[in-house]
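For reference, coords.txt is printed below; it contains compact mmCIF, C-alpha atoms and all ligand atoms.
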```txt
# COMPACT_ATOMS: atom_id res chain seq x y z
CA MET V 839 -19.35 16.09 18.48
CA LYS V 840 -18.04 19.26 16.80
CA ASP V 841 -17.42 22.38 18.85
CA THR V 842 -16.45 25.85 17.72
CA VAL V 843 -14.33 28.43 19.50
CA VAL V 844 -16.78 30.38 21.59
CA ASN V 845 -14.90 33.59 22.16
CA ASP V 846 -11.70 35.04 23.51
CA CYS V 847 -11.74 37.20 26.58
CA CYS V 848 -9.46 38.65 29.18
CA THR V 849 -10.23 38.69 32.86
CA GLY V 850 -8.35 41.05 35.14
CA SER V 851 -4.61 40.69 34.99
CA SER V 852 -4.61 37.05 33.85
CA PRO V 853 -5.53 36.65 30.20
CA THR V 854 -7.85 33.68 29.85
CA LYS V 855 -9.38 32.32 26.65
CA MET V 856 -12.70 30.54 26.29
CA LEU V 857 -11.83 27.41 24.29
CA SER V 858 -14.03 24.72 22.82
CA ILE V 859 -13.29 21.06 23.57
CA ASP V 860 -11.95 20.49 20.07
CA GLU V 861 -9.67 23.51 20.19
CA GLY V 862 -8.30 22.58 23.60
CA LEU V 863 -7.74 19.00 22.49
CA THR V 864 -6.01 20.03 19.26
CA ARG V 865 -3.60 22.20 21.20
CA ILE V 866 -2.94 19.51 23.77
CA LEU V 867 -2.40 16.69 21.26
CA GLY V 868 -0.17 18.99 19.19
CA ALA V 869 2.18 19.21 22.18
CA VAL V 870 2.42 15.45 22.79
CA THR V 871 5.16 13.34 21.20
CA PRO V 872 4.58 9.57 21.46
CA LEU V 873 7.09 7.60 23.53
CA THR V 874 9.54 5.44 21.62
CA GLU V 875 11.65 3.75 24.33
CA SER V 876 10.61 0.16 24.83
CA GLU V 877 11.43 -2.81 27.03
CA THR V 878 10.89 -6.56 26.89
CA VAL V 879 8.61 -7.94 29.60
CA THR V 880 7.33 -11.42 30.34
CA LEU V 881 3.77 -12.07 29.22
CA ASP V 882 2.79 -12.48 32.89
CA SER V 883 3.55 -8.82 33.55
CA ALA V 884 2.37 -7.38 30.23
CA GLN V 885 -1.26 -6.64 31.14
CA GLY V 886 -2.12 -2.96 30.71
CA ARG V 887 1.08 -2.25 28.77
CA THR V 888 1.24 -0.99 25.16
CA LEU V 889 2.80 -2.93 22.27
CA ALA V 890 5.94 -1.21 20.99
CA GLN V 891 5.93 -3.02 17.62
CA ALA V 892 3.40 -4.84 15.49
CA LEU V 893 3.18 -8.48 16.56
CA ILE V 894 3.59 -10.90 13.65
CA SER V 895 2.23 -14.38 14.14
CA PRO V 896 5.06 -16.97 14.09
CA ILE V 897 2.57 -19.83 13.59
CA ASN V 898 -0.82 -20.70 12.13
CA VAL V 899 -3.65 -20.34 14.65
CA PRO V 900 -5.09 -22.92 14.92
CA ALA V 901 -1.97 -24.89 14.08
CA HIS V 902 -3.86 -27.75 12.36
CA ASN V 903 -7.30 -28.54 10.92
CA ASN V 904 -9.38 -29.66 13.86
CA SER V 905 -12.91 -30.55 14.77
CA ALA V 906 -15.28 -27.87 16.11
CA MET V 907 -17.64 -30.53 17.52
CA ASP V 908 -17.73 -34.04 19.00
CA GLY V 909 -18.81 -36.51 16.29
CA TYR V 910 -17.34 -38.39 13.31
CA ALA V 911 -14.72 -37.22 10.82
CA ILE V 912 -15.64 -38.50 7.37
CA ARG V 913 -14.72 -38.11 3.69
CA ALA V 914 -17.46 -36.15 1.84
CA GLN V 915 -16.99 -38.48 -1.15
CA ASP V 916 -18.46 -41.30 0.98
CA LEU V 917 -21.79 -39.47 1.48
CA SER V 918 -24.74 -41.32 -0.10
CA ALA V 919 -26.44 -39.39 -2.86
CA GLU V 920 -29.76 -39.94 -1.06
CA GLY V 921 -30.89 -41.61 2.14
CA ASP V 922 -28.70 -42.59 5.11
CA THR V 923 -24.95 -42.91 4.90
CA ARG V 924 -23.42 -45.88 6.75
CA LEU V 925 -19.67 -45.93 7.55
CA GLN V 926 -17.21 -48.17 9.36
CA VAL V 927 -15.62 -46.50 12.49
CA ILE V 928 -11.94 -47.56 12.61
CA ALA V 929 -10.59 -45.37 15.45
CA SER V 930 -11.42 -42.81 18.10
CA VAL V 931 -9.33 -39.60 17.91
CA LEU V 932 -8.86 -37.40 20.99
CA ALA V 933 -7.50 -33.82 21.24
CA GLY V 934 -3.73 -33.95 21.56
CA HIS V 935 -3.49 -37.48 20.11
CA PRO V 936 -3.28 -37.30 16.29
CA PHE V 937 -4.27 -40.40 14.27
CA ASN V 938 -1.66 -41.32 11.67
CA GLY V 939 -3.13 -44.54 10.24
CA SER V 940 -4.67 -44.80 6.78
CA ILE V 941 -8.40 -44.53 6.31
CA GLY V 942 -9.94 -46.36 3.36
CA PRO V 943 -13.14 -45.63 1.37
CA GLY V 944 -16.28 -46.17 3.49
CA GLU V 945 -14.29 -45.70 6.71
CA CYS V 946 -14.33 -42.86 9.24
CA VAL V 947 -13.10 -42.03 12.76
CA GLN V 948 -14.91 -40.92 15.89
CA ILE V 949 -13.49 -37.48 16.81
CA MET V 950 -13.58 -35.10 19.79
CA THR V 951 -13.69 -31.31 19.75
CA GLY V 952 -10.20 -29.89 19.13
CA ALA V 953 -8.73 -33.16 17.82
CA GLN V 954 -6.63 -32.95 14.64
CA ILE V 955 -8.51 -34.06 11.49
CA PRO V 956 -6.77 -37.15 10.05
CA GLU V 957 -5.25 -36.87 6.57
CA GLY V 958 -7.86 -37.31 3.80
CA LEU V 959 -10.96 -36.57 5.92
CA ASP V 960 -12.79 -33.30 5.30
CA THR V 961 -16.16 -33.18 7.08
CA ILE V 962 -17.54 -33.59 10.62
CA VAL V 963 -20.90 -35.24 11.34
CA ILE V 964 -22.07 -34.30 14.82
CA ASN V 965 -23.03 -36.89 17.44
CA GLU V 966 -26.54 -35.46 17.68
CA ILE V 967 -27.53 -36.77 14.20
CA SER V 968 -25.47 -39.98 14.27
CA SER V 969 -26.54 -43.43 15.40
CA ARG V 970 -23.84 -45.88 16.35
CA THR V 971 -24.15 -49.64 16.43
CA GLY V 972 -20.92 -51.45 17.30
CA GLU V 973 -18.27 -50.29 14.81
CA THR V 974 -20.82 -48.82 12.38
CA VAL V 975 -22.26 -45.32 12.33
CA SER V 976 -25.12 -44.02 10.21
CA PHE V 977 -26.63 -40.59 9.69
CA PRO V 978 -29.28 -39.06 7.43
CA ALA V 979 -28.82 -37.02 4.22
CA GLY V 980 -28.13 -33.30 4.44
CA VAL V 981 -24.49 -33.33 5.60
CA ARG V 982 -22.45 -30.59 3.84
CA LYS V 983 -18.80 -31.06 2.83
CA GLY V 984 -16.44 -29.17 5.20
CA GLN V 985 -18.97 -28.64 7.98
CA HIS V 986 -17.83 -28.21 11.62
CA LEU V 987 -14.15 -27.95 10.65
CA ARG V 988 -11.77 -25.36 12.11
CA LEU V 989 -9.13 -24.79 9.44
CA ALA V 990 -5.43 -24.30 10.16
CA GLY V 991 -4.68 -20.54 10.20
CA GLU V 992 -8.35 -19.50 10.03
CA ASP V 993 -7.88 -17.20 13.07
CA LEU V 994 -4.36 -16.02 12.13
CA GLY V 995 -2.04 -17.16 9.36
CA LYS V 996 1.72 -17.54 9.94
CA GLY V 997 3.38 -14.18 9.08
CA GLN V 998 0.13 -12.23 9.45
CA GLU V 999 -0.05 -9.15 11.76
CA ALA V 1000 -1.77 -10.30 14.94
CA LEU V 1001 -1.71 -6.96 16.81
CA SER V 1002 -0.61 -3.51 15.65
CA ALA V 1003 1.93 -1.27 17.40
CA GLY V 1004 0.24 0.90 20.01
CA THR V 1005 -2.30 -1.74 21.04
CA GLY V 1006 -3.11 -1.76 24.75
CA LEU V 1007 -2.84 -5.26 26.20
CA GLY V 1008 -6.14 -6.23 27.80
CA PRO V 1009 -7.51 -9.69 28.55
CA ALA V 1010 -8.20 -10.60 24.88
CA GLU V 1011 -4.74 -9.47 23.75
CA MET V 1012 -3.07 -11.39 26.62
CA GLY V 1013 -4.81 -14.56 25.44
CA LEU V 1014 -4.04 -13.84 21.79
CA ILE V 1015 -0.30 -13.40 22.49
CA ALA V 1016 -0.32 -16.61 24.54
CA SER V 1017 -2.03 -18.43 21.64
CA LEU V 1018 0.99 -17.53 19.49
CA GLY V 1019 3.27 -19.23 22.01
CA LEU V 1020 5.10 -16.02 22.94
CA ALA V 1021 6.29 -15.81 26.55
CA GLU V 1022 7.77 -12.30 26.21
CA VAL V 1023 6.61 -9.16 24.50
CA GLU V 1024 8.15 -5.79 23.55
CA VAL V 1025 6.20 -2.92 25.17
CA LEU V 1026 6.64 0.83 25.46
CA ARG V 1027 8.17 1.96 28.70
CA LYS V 1028 5.58 3.19 31.16
CA PRO V 1029 5.05 6.96 31.09
CA ARG V 1030 5.85 8.50 34.47
CA VAL V 1031 3.08 10.80 35.67
CA ALA V 1032 3.46 12.92 38.80
CA TYR V 1033 0.33 14.07 40.61
CA PHE V 1034 -0.27 16.50 43.47
CA SER V 1035 -3.31 18.18 44.93
CA THR V 1036 -3.12 21.84 45.92
CA GLY V 1037 -4.96 23.78 48.61
CA ASP V 1038 -4.48 24.96 52.18
CA GLU V 1039 -7.82 23.36 53.07
CA ILE V 1040 -6.99 19.89 51.73
CA ARG V 1041 -6.04 17.05 54.10
CA SER V 1042 -5.20 13.43 53.36
CA PRO V 1043 -7.52 10.62 54.53
CA GLY V 1044 -6.52 9.45 58.01
CA GLU V 1045 -5.66 12.97 59.20
CA ALA V 1046 -7.99 14.85 61.57
CA LEU V 1047 -9.95 17.71 59.97
CA GLN V 1048 -9.88 21.20 61.46
CA ALA V 1049 -12.64 23.73 60.77
CA GLY V 1050 -12.85 24.61 57.06
CA GLN V 1051 -10.74 21.67 55.90
CA ILE V 1052 -11.78 18.85 53.53
CA TYR V 1053 -10.32 15.52 52.48
CA ASP V 1054 -8.30 15.05 49.33
CA SER V 1055 -10.46 12.98 46.98
CA ASN V 1056 -8.78 14.16 43.78
CA GLN V 1057 -5.57 12.30 44.59
CA TYR V 1058 -7.53 9.06 44.61
CA THR V 1059 -9.72 9.59 41.55
CA VAL V 1060 -6.82 10.83 39.41
CA THR V 1061 -4.27 8.22 40.46
CA ALA V 1062 -6.87 5.45 40.03
CA MET V 1063 -7.60 6.65 36.46
CA LEU V 1064 -3.85 6.83 35.82
CA ARG V 1065 -3.28 3.28 37.06
CA ASP V 1066 -6.10 2.06 34.81
CA LEU V 1067 -4.08 3.50 31.92
CA GLY V 1068 -1.00 1.52 32.92
CA VAL V 1069 1.23 4.49 33.71
CA GLU V 1070 3.73 4.78 36.57
CA VAL V 1071 2.30 7.16 39.15
CA ILE V 1072 4.48 9.44 41.28
CA GLU V 1073 2.31 10.66 44.15
CA LEU V 1074 3.45 13.97 45.61
CA GLY V 1075 0.59 14.39 48.09
CA VAL V 1076 -1.04 17.70 49.04
CA ILE V 1077 0.83 20.95 48.42
CA PRO V 1078 -0.29 24.05 50.37
CA ASP V 1079 -1.04 27.33 48.56
CA GLN V 1080 2.48 28.68 49.17
CA ARG V 1081 4.85 29.74 46.45
CA GLU V 1082 7.95 27.93 47.78
CA ALA V 1083 6.08 24.68 48.36
CA LEU V 1084 4.50 24.82 44.90
CA GLU V 1085 7.80 25.67 43.24
CA GLU V 1086 9.48 22.74 44.96
CA ALA V 1087 6.66 20.37 43.96
CA PHE V 1088 6.83 21.46 40.32
CA GLN V 1089 10.60 21.14 40.26
CA GLN V 1090 10.57 17.72 41.88
CA ALA V 1091 7.81 16.54 39.54
CA SER V 1092 9.46 17.83 36.36
CA SER V 1093 12.77 16.18 37.23
CA GLN V 1094 11.10 12.76 37.53
CA ALA V 1095 8.07 12.70 35.27
CA ASP V 1096 6.97 12.87 31.63
CA VAL V 1097 3.71 14.51 32.68
CA ILE V 1098 2.67 16.52 35.75
CA ILE V 1099 -0.95 16.73 36.81
CA SER V 1100 -2.17 18.95 39.62
CA SER V 1101 -5.62 19.78 40.86
CA GLY V 1102 -6.94 23.05 42.26
CA GLY V 1103 -5.53 26.53 42.15
CA VAL V 1104 -6.30 27.26 38.49
CA SER V 1105 -9.59 29.12 38.88
CA ILE V 1106 -9.77 32.90 38.66
CA GLY V 1107 -8.39 34.25 41.89
CA ASP V 1108 -6.00 31.36 42.48
CA ALA V 1109 -4.72 31.40 38.94
CA ASP V 1110 -2.45 34.42 39.26
CA TYR V 1111 -0.80 32.78 42.21
CA VAL V 1112 0.01 29.45 40.57
CA LYS V 1113 0.72 31.34 37.37
CA GLU V 1114 3.44 33.38 39.07
CA THR V 1115 5.17 30.18 40.10
CA LEU V 1116 4.80 28.62 36.67
CA ASP V 1117 5.90 31.72 34.76
CA GLN V 1118 9.40 31.18 36.13
CA LEU V 1119 9.49 27.44 35.48
CA GLY V 1120 7.87 26.95 32.09
CA GLU V 1121 5.27 27.96 29.56
CA VAL V 1122 1.74 27.44 30.77
CA ASP V 1123 -1.57 28.81 29.45
CA PHE V 1124 -4.55 29.25 31.71
CA TRP V 1125 -7.67 28.42 29.75
CA ARG V 1126 -11.35 28.86 30.33
CA MET V 1127 -12.83 25.81 28.68
CA ALA V 1128 -16.37 26.08 27.30
CA ILE V 1129 -17.43 23.05 29.32
CA LYS V 1130 -19.37 22.38 32.48
CA PRO V 1131 -18.08 21.15 34.83
CA GLY V 1132 -14.39 21.88 34.37
CA ARG V 1133 -14.07 25.40 33.09
CA PRO V 1134 -10.61 26.35 34.38
CA LEU V 1135 -7.73 24.32 32.94
CA ALA V 1136 -4.02 25.05 32.71
CA PHE V 1137 -1.86 23.38 30.10
CA GLY V 1138 1.74 23.72 29.00
CA ARG V 1139 5.24 22.72 29.99
CA VAL V 1140 7.18 22.91 33.22
CA GLU V 1141 10.75 22.70 32.02
CA ASP V 1142 10.48 19.78 29.52
CA THR V 1143 7.55 18.06 31.17
CA LEU V 1144 3.93 18.38 30.03
CA PHE V 1145 1.70 19.96 32.64
CA PHE V 1146 -2.05 19.71 33.19
CA GLY V 1147 -3.50 21.96 35.91
CA LEU V 1148 -6.95 20.48 36.49
CA PRO V 1149 -9.70 22.28 38.37
CA GLY V 1150 -10.21 21.54 42.07
CA ASN V 1151 -13.80 20.38 42.12
CA PRO V 1152 -13.95 16.57 42.34
CA VAL V 1153 -16.31 15.97 39.37
CA ALA V 1154 -14.57 18.60 37.22
CA VAL V 1155 -11.26 16.81 37.83
CA MET V 1156 -12.62 13.52 36.54
CA ILE V 1157 -14.37 15.06 33.52
CA THR V 1158 -11.35 17.11 32.44
CA PHE V 1159 -9.07 14.11 32.96
CA LEU V 1160 -11.26 11.93 30.73
CA GLN V 1161 -11.73 14.56 28.00
CA PHE V 1162 -8.22 16.08 27.88
CA VAL V 1163 -5.61 14.15 29.87
CA LYS V 1164 -6.60 10.64 28.80
CA PRO V 1165 -6.36 11.38 25.03
CA ALA V 1166 -2.93 12.95 25.67
CA LEU V 1167 -1.69 9.93 27.63
CA LYS V 1168 -3.09 7.60 24.97
CA LYS V 1169 -1.13 9.55 22.32
CA LEU V 1170 2.00 9.34 24.50
CA LEU V 1171 1.38 5.57 24.45
CA GLY V 1172 1.18 5.47 20.67
CA ASP V 1173 -2.60 5.75 20.16
CA SER V 1174 -3.08 9.13 18.45
CA HIS V 1175 -6.75 8.70 17.70
CA TRP V 1176 -8.20 7.77 21.06
CA GLN V 1177 -11.44 9.55 21.91
CA PRO V 1178 -14.12 8.60 24.41
CA GLN V 1179 -16.59 6.13 22.88
CA GLN V 1180 -19.85 7.94 22.12
CA PHE V 1181 -23.30 6.88 20.96
CA GLN V 1182 -26.85 8.23 21.05
CA LEU V 1183 -29.70 7.15 23.32
CA PRO V 1184 -33.16 8.62 23.94
CA CYS V 1185 -33.21 10.82 27.02
CA GLY V 1186 -35.56 9.74 29.79
CA GLU V 1187 -36.07 13.21 31.27
CA LEU V 1188 -36.33 16.90 30.47
CA LEU V 1189 -32.92 18.64 30.50
CA LYS V 1190 -31.97 22.30 30.30
CA SER V 1191 -28.67 23.54 28.94
CA GLN V 1192 -26.91 26.83 28.31
CA VAL V 1193 -25.79 27.64 24.77
CA GLY V 1194 -22.06 28.23 24.27
CA ARG V 1195 -20.59 25.41 26.31
CA SER V 1196 -20.61 21.63 26.37
CA GLU V 1197 -22.21 20.07 29.40
CA PHE V 1198 -21.30 16.70 30.89
CA LEU V 1199 -24.10 15.28 33.01
CA ARG V 1200 -23.72 12.05 34.95
CA GLY V 1201 -26.11 9.45 33.54
CA ILE V 1202 -27.53 6.01 34.16
CA ILE V 1203 -28.74 3.81 31.30
CA LYS V 1204 -32.02 2.07 32.15
CA ALA V 1205 -34.62 0.07 30.24
CA ASP V 1206 -37.95 1.75 29.42
CA ALA V 1207 -41.32 -0.06 29.66
CA GLU V 1208 -40.63 -1.83 26.31
CA GLY V 1209 -37.11 -2.84 27.40
CA ARG V 1210 -35.37 -0.23 25.18
CA PRO V 1211 -32.41 1.68 26.67
CA VAL V 1212 -32.95 5.27 27.78
CA VAL V 1213 -30.60 7.50 29.74
CA HIS V 1214 -31.46 9.39 32.92
CA THR V 1215 -29.33 11.72 35.03
CA THR V 1216 -28.11 10.52 38.41
CA GLY V 1217 -29.89 13.44 40.12
CA GLN V 1218 -27.92 16.30 41.69
CA GLN V 1219 -25.28 17.49 39.21
CA GLY V 1220 -22.99 19.90 41.12
CA SER V 1221 -19.28 19.78 40.27
CA GLY V 1222 -18.51 18.79 43.85
CA ILE V 1223 -21.05 15.93 44.00
CA LEU V 1224 -18.69 12.97 43.65
CA THR V 1225 -21.49 10.47 44.37
CA SER V 1226 -22.90 11.47 40.94
CA MET V 1227 -19.77 9.97 39.30
CA SER V 1228 -19.91 6.87 41.42
CA ARG V 1229 -23.59 6.26 40.60
CA ALA V 1230 -23.17 7.00 36.88
CA ASP V 1231 -22.47 4.43 34.21
CA CYS V 1232 -22.18 7.09 31.50
CA LEU V 1233 -21.76 10.79 30.80
CA ILE V 1234 -24.55 12.59 28.94
CA VAL V 1235 -22.90 15.13 26.61
CA LEU V 1236 -24.90 18.21 25.59
CA GLY V 1237 -23.08 20.16 22.86
CA PRO V 1238 -22.54 23.95 22.90
CA GLU V 1239 -25.52 24.56 20.62
CA CYS V 1240 -27.96 22.62 22.85
CA THR V 1241 -30.61 24.65 24.66
CA GLY V 1242 -32.33 21.69 26.25
CA VAL V 1243 -33.60 18.18 25.67
CA GLU V 1244 -37.19 16.87 25.55
CA VAL V 1245 -38.13 13.46 26.93
CA GLY V 1246 -37.43 10.86 24.21
CA GLN V 1247 -35.05 13.11 22.24
CA PRO V 1248 -31.65 11.49 21.44
CA VAL V 1249 -28.60 12.62 23.41
CA TRP V 1250 -24.93 11.69 23.10
CA VAL V 1251 -23.68 9.34 25.77
CA GLN V 1252 -20.12 8.34 26.71
CA PRO V 1253 -20.01 5.01 28.59
CA LEU V 1254 -17.93 5.11 31.77
CA LYS V 1255 -17.77 1.41 32.52
CA GLY V 1256 -16.83 -1.14 29.89
CA LEU V 1257 -16.89 -4.91 30.00
CA LEU V 1258 -13.13 -5.10 29.51
CA SER V 1259 -10.33 -2.67 30.30
CA CYS V 1260 -7.83 -1.50 27.62
P1 LIG I 1 -9.85 25.53 43.62
O1 LIG I 1 -9.84 25.34 42.15
O2 LIG I 1 -8.52 25.28 44.24
O3 LIG I 1 -10.42 26.85 43.99
O4 LIG I 1 -10.83 24.42 44.19
C1 LIG I 1 -12.19 24.38 43.80
C2 LIG I 1 -12.98 23.55 44.79
O5 LIG I 1 -12.51 22.21 44.77
C3 LIG I 1 -12.88 24.01 46.22
O6 LIG I 1 -14.14 23.83 46.84
C4 LIG I 1 -11.86 23.07 46.81
O7 LIG I 1 -11.99 22.95 48.19
C5 LIG I 1 -12.17 21.79 46.08
N1 LIG I 1 -10.98 20.95 45.99
C6 LIG I 1 -9.77 21.38 45.58
N2 LIG I 1 -8.87 20.38 45.64
C7 LIG I 1 -9.53 19.29 46.10
C8 LIG I 1 -9.13 17.94 46.39
N3 LIG I 1 -7.88 17.55 46.20
N4 LIG I 1 -10.07 17.08 46.84
C9 LIG I 1 -11.35 17.50 47.02
N5 LIG I 1 -11.78 18.74 46.77
C10 LIG I 1 -10.89 19.65 46.33
MG MG I 2 -7.53 25.71 45.91
```
For the structure just supplied, provide its representation as structure tokens.
Amino acid sequence: MKDTVVNDCCTGSSPTKMLSIDEGLTRILGAVTPLTESETVTLDSAQGRTLAQALISPINVPAHNNSAMDGYAIRAQDLSAEGDTRLQVIASVLAGHPFNGSIGPGECVQIMTGAQIPEGLDTIVINEISSRTGETVSFPAGVRKGQHLRLAGEDLGKGQEALSAGTGLGPAEMGLIASLGLAEVEVLRKPRVAYFSTGDEIRSPGEALQAGQIYDSNQYTVTAMLRDLGVEVIELGVIPDQREALEEAFQQASSQADVIISSGGVSIGDADYVKETLDQLGEVDFWRMAIKPGRPLAFGRVEDTLFFGLPGNPVAVMITFLQFVKPALKKLLGDSHWQPQQFQLPCGELLKSQVGRSEFLRGIIKADAEGRPVVHTTGQQGSGILTSMSRADCLIVLGPECTGVEVGQPVWVQPLKGLLSC
């Protein structure tokens, strides 16, 4: 999706710019330098970490030619030109028990899936087409040389790159590293990310609410998304709208973390207040992003630490995290090109949209009457309706030029829930 800068404008005493997604992202990624410090961890504790160096395979995978099926390992030369082939079975070969004897012309072995192919044999005939009588097996014409073999190194050859630097270690990568026999792996150190919520009205779960107060959901959505990314989270709790408290939180966070994330206090009205605190501690811009939800966003540095000031509204926090913070953290972890996955689906309902900003609606992918996928909204779309995120399995993205969508028209969709993490 390509956005353009919408306009620049100033509001009151705090200059704020209306930025497109692409412009915001370019500025953010331009400020991120990938981590280089690494550590060696055991494979057991490597899940969710990021490879510091390319992983070169020390062995062939599989290590030896082996059978992909239960059946008989034969020599293709012994196949009859026409009609049935009849061979003498001289041994039964199991996985983990190689056969080292010699096999003469007209002889074969019974073989199990995964068992090493004996020297000189080159083809597997599956049980399903074989008929065995005593020590003789026969099967009809039509067997092809080399069938049902898994060749040594066909997955990975010795010396070949198995995984590139910057790869996140999910379930498939964990298994792949194990298949190379490696019990330890060199990963980037975990980025340290400090998070706090701001607001006099915000209370932590478990506390009693007074009139006008609400519970802190942002702490839980943001730190859960951070943990999914494999970063170390420093939770600083809820900071009231007071200069000294905010200053202390920012100072504490910047002394410990690579990145600080806060929520709330960046919309017009609050912005001057947080801005005053940040003006003394670093360089932070207050942006008006051309997106809905999530218009106010602060980004910059507090001392040497990157800072994201996310909006307060619970849905806006999640959307801005996914569109702006996640790509930045991915770059910090060595993946400079990460962007949310995006594909098109027909829309199952009429949608309206305002030109000049990108809109992120919460969507559910369903099957239509013919079983084809279509996307619907989850219903109510307010930026405080957190149930819309919980119900959604995707975000529907309407670009800044979109005025609305007819039923059946394609829309861009970003999946929220994948089959595998990383
Ligand atoms: P603000 O940007 O601070 O003006 O907050 C915008 C809206 O988000 C207000 O309705 C806040 O009460 C709400 N909000 C701010 N922080 C949180 C939080 N941590 N959890 C839930 N809602 C919040
Ligand atoms: Mg607030």
10 Å shell around ligand MG 2 (chain I) using only C-alpha atoms and all ligand atoms, listed as a PyMOL selection string: chain V and resi 1035-1040+1077-1079+1101-1105+1107-1109+1112+1149-1151
Save out the residues we just selected, C-alpha atoms, as an mmCIF file, in the frame of the given file.
```cif
data_model
loop_
_atom_site.group_PDB
_atom_site.id
_atom_site.type_symbol
_atom_site.label_atom_id
_atom_site.label_comp_id
_atom_site.auth_asym_id
_atom_site.auth_seq_id
_atom_site.Cartn_x
_atom_site.Cartn_y
_atom_site.Cartn_z
ATOM 1 C CA SER V 1035 -3.310 18.180 44.930
ATOM 2 C CA THR V 1036 -3.120 21.840 45.920
ATOM 3 C CA GLY V 1037 -4.960 23.780 48.610
ATOM 4 C CA ASP V 1038 -4.480 24.960 52.180
ATOM 5 C CA GLU V 1039 -7.820 23.360 53.070
ATOM 6 C CA ILE V 1040 -6.990 19.890 51.730
ATOM 7 C CA ILE V 1077 0.830 20.950 48.420
ATOM 8 C CA PRO V 1078 -0.290 24.050 50.370
ATOM 9 C CA ASP V 1079 -1.040 27.330 48.560
ATOM 10 C CA SER V 1101 -5.620 19.780 40.860
ATOM 11 C CA GLY V 1102 -6.940 23.050 42.260
ATOM 12 C CA GLY V 1103 -5.530 26.530 42.150
ATOM 13 C CA VAL V 1104 -6.300 27.260 38.490
ATOM 14 C CA SER V 1105 -9.590 29.120 38.880
ATOM 15 C CA GLY V 1107 -8.390 34.250 41.890
ATOM 16 C CA ASP V 1108 -6.000 31.360 42.480
ATOM 17 C CA ALA V 1109 -4.720 31.400 38.940
ATOM 18 C CA VAL V 1112 0.010 29.450 40.570
ATOM 19 C CA PRO V 1149 -9.700 22.280 38.370
ATOM 20 C CA GLY V 1150 -10.210 21.540 42.070
ATOM 21 C CA ASN V 1151 -13.800 20.380 42.120
#
```
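Nearest residue to V:Leu1001, choosing from V:Gly1222, V:Gly1013, V:Gly944, V:Pro1238 and counting all atoms listed in the file: V:Gly1013.
If you count only C-alpha atoms and ignore residues fewer than 5 places along the chain from V:Leu1119, what sits within 10 Å of it is Glu1085, Phe1088, Gln1089, Ser1092, Lys1113, Glu1114, Arg1139, Val1140, Glu1141 and Asp1142 of chain V.
The residue that comes closest to V:Phe937, out of V:Ala919, V:Leu959, V:Val1235, V:Val1251 and on the basis of only C-alpha atoms, is V:Leu959.
Selecting by distance to (-9.9, 23.0, 28.8) with a limit of 9 Å and using all atoms listed in the file, one obtains Met856, Leu857, Ser858, Ile859, Glu861, Gly862, Leu863, Phe1124, Trp1125, Arg1126, Met1127, Ala1128, Ile1129, Gly1132, Arg1133, Pro1134, Leu1135, Ala1136, Phe1137, Leu1148, Thr1158, Gln1161 and Phe1162 of chain V.
Closest approach to ligand LIG 1 (chain I) from the set V:Ser1100, V:Ser1196, V:Asn1056, V:Gln1218 is made by V:Asn1056, with distances taken over all atoms listed in the file.
Going from atom CA of V:Asp1123 to atom CA of V:Ile1099 covers 14.2 Å.
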Between atom CA of V:Leu1018 and atom CA of V:Ala906 - distance in Å to one decimal: 19.6 Å
Selected residue, from V:Ala1207, V:Val1153, V:Val1069, V:Val1245, that lies nearest to V:Leu1188 when counting all atoms listed in the file: V:Val1245
Shell around V:Ile1223 at 12 Å using only C-alpha atoms, local window under 6 positions removed, as a PyMOL selection string: chain V and resi 1055+1131+1151-1156+1199-1200+1216-1217+1229-1230
May I have the centre and edge lengths, in Å to one decimal, of an axis-aligned box around the listed atoms of ligand LIG 1 (chain I) with 8 Å added to every side, as AutoDock Vina command-line options?
```
--center_x -11.0 --center_y 22.0 --center_z 45.2 --size_x 22.3 --size_y 25.8 --size_z 22.0
```
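Counting only C-alpha atoms and all ligand atoms and comparing V:Glu945, V:Glu992, V:Asp1054, V:Asp908, the residue that lies closest to ligand LIG 1 (chain I) is V:Asp1054.
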Distance criterion (all atoms listed in the file): nearest to V:Thr864 out of V:His1175, V:Val927, V:Tyr1058, V:Gly942: V:His1175
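Picture a line from atom C9 of ligand LIG 1 (chain I) to atom CA of V:His1214; it runs 25.9 Å.
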Identify, on the basis of all atoms listed in the file, every residue whose closest approach to V:Met1063 does not exceed 12 Å; exclude the query and any residue fewer than 6 positions from it along the same chain; express the result as an mmCIF file with C-alpha atoms, in the frame of the given file.
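The new file result-v3.cif reads:
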```
data_model
loop_
_atom_site.group_PDB
_atom_site.id
_atom_site.type_symbol
_atom_site.label_atom_id
_atom_site.label_comp_id
_atom_site.auth_asym_id
_atom_site.auth_seq_id
_atom_site.Cartn_x
_atom_site.Cartn_y
_atom_site.Cartn_z
ATOM 1 C CA VAL V 1031 3.080 10.800 35.670
ATOM 2 C CA TYR V 1033 0.330 14.070 40.610
ATOM 3 C CA ASN V 1056 -8.780 14.160 43.780
ATOM 4 C CA GLN V 1057 -5.570 12.300 44.590
ATOM 5 C CA VAL V 1069 1.230 4.490 33.710
ATOM 6 C CA GLU V 1070 3.730 4.780 36.570
ATOM 7 C CA VAL V 1071 2.300 7.160 39.150
ATOM 8 C CA VAL V 1155 -11.260 16.810 37.830
ATOM 9 C CA MET V 1156 -12.620 13.520 36.540
ATOM 10 C CA ILE V 1157 -14.370 15.060 33.520
ATOM 11 C CA THR V 1158 -11.350 17.110 32.440
ATOM 12 C CA PHE V 1159 -9.070 14.110 32.960
ATOM 13 C CA LEU V 1160 -11.260 11.930 30.730
ATOM 14 C CA VAL V 1163 -5.610 14.150 29.870
ATOM 15 C CA LYS V 1164 -6.600 10.640 28.800
ATOM 16 C CA LEU V 1167 -1.690 9.930 27.630
ATOM 17 C CA LEU V 1254 -17.930 5.110 31.770
ATOM 18 C CA SER V 1259 -10.330 -2.670 30.300
#
```
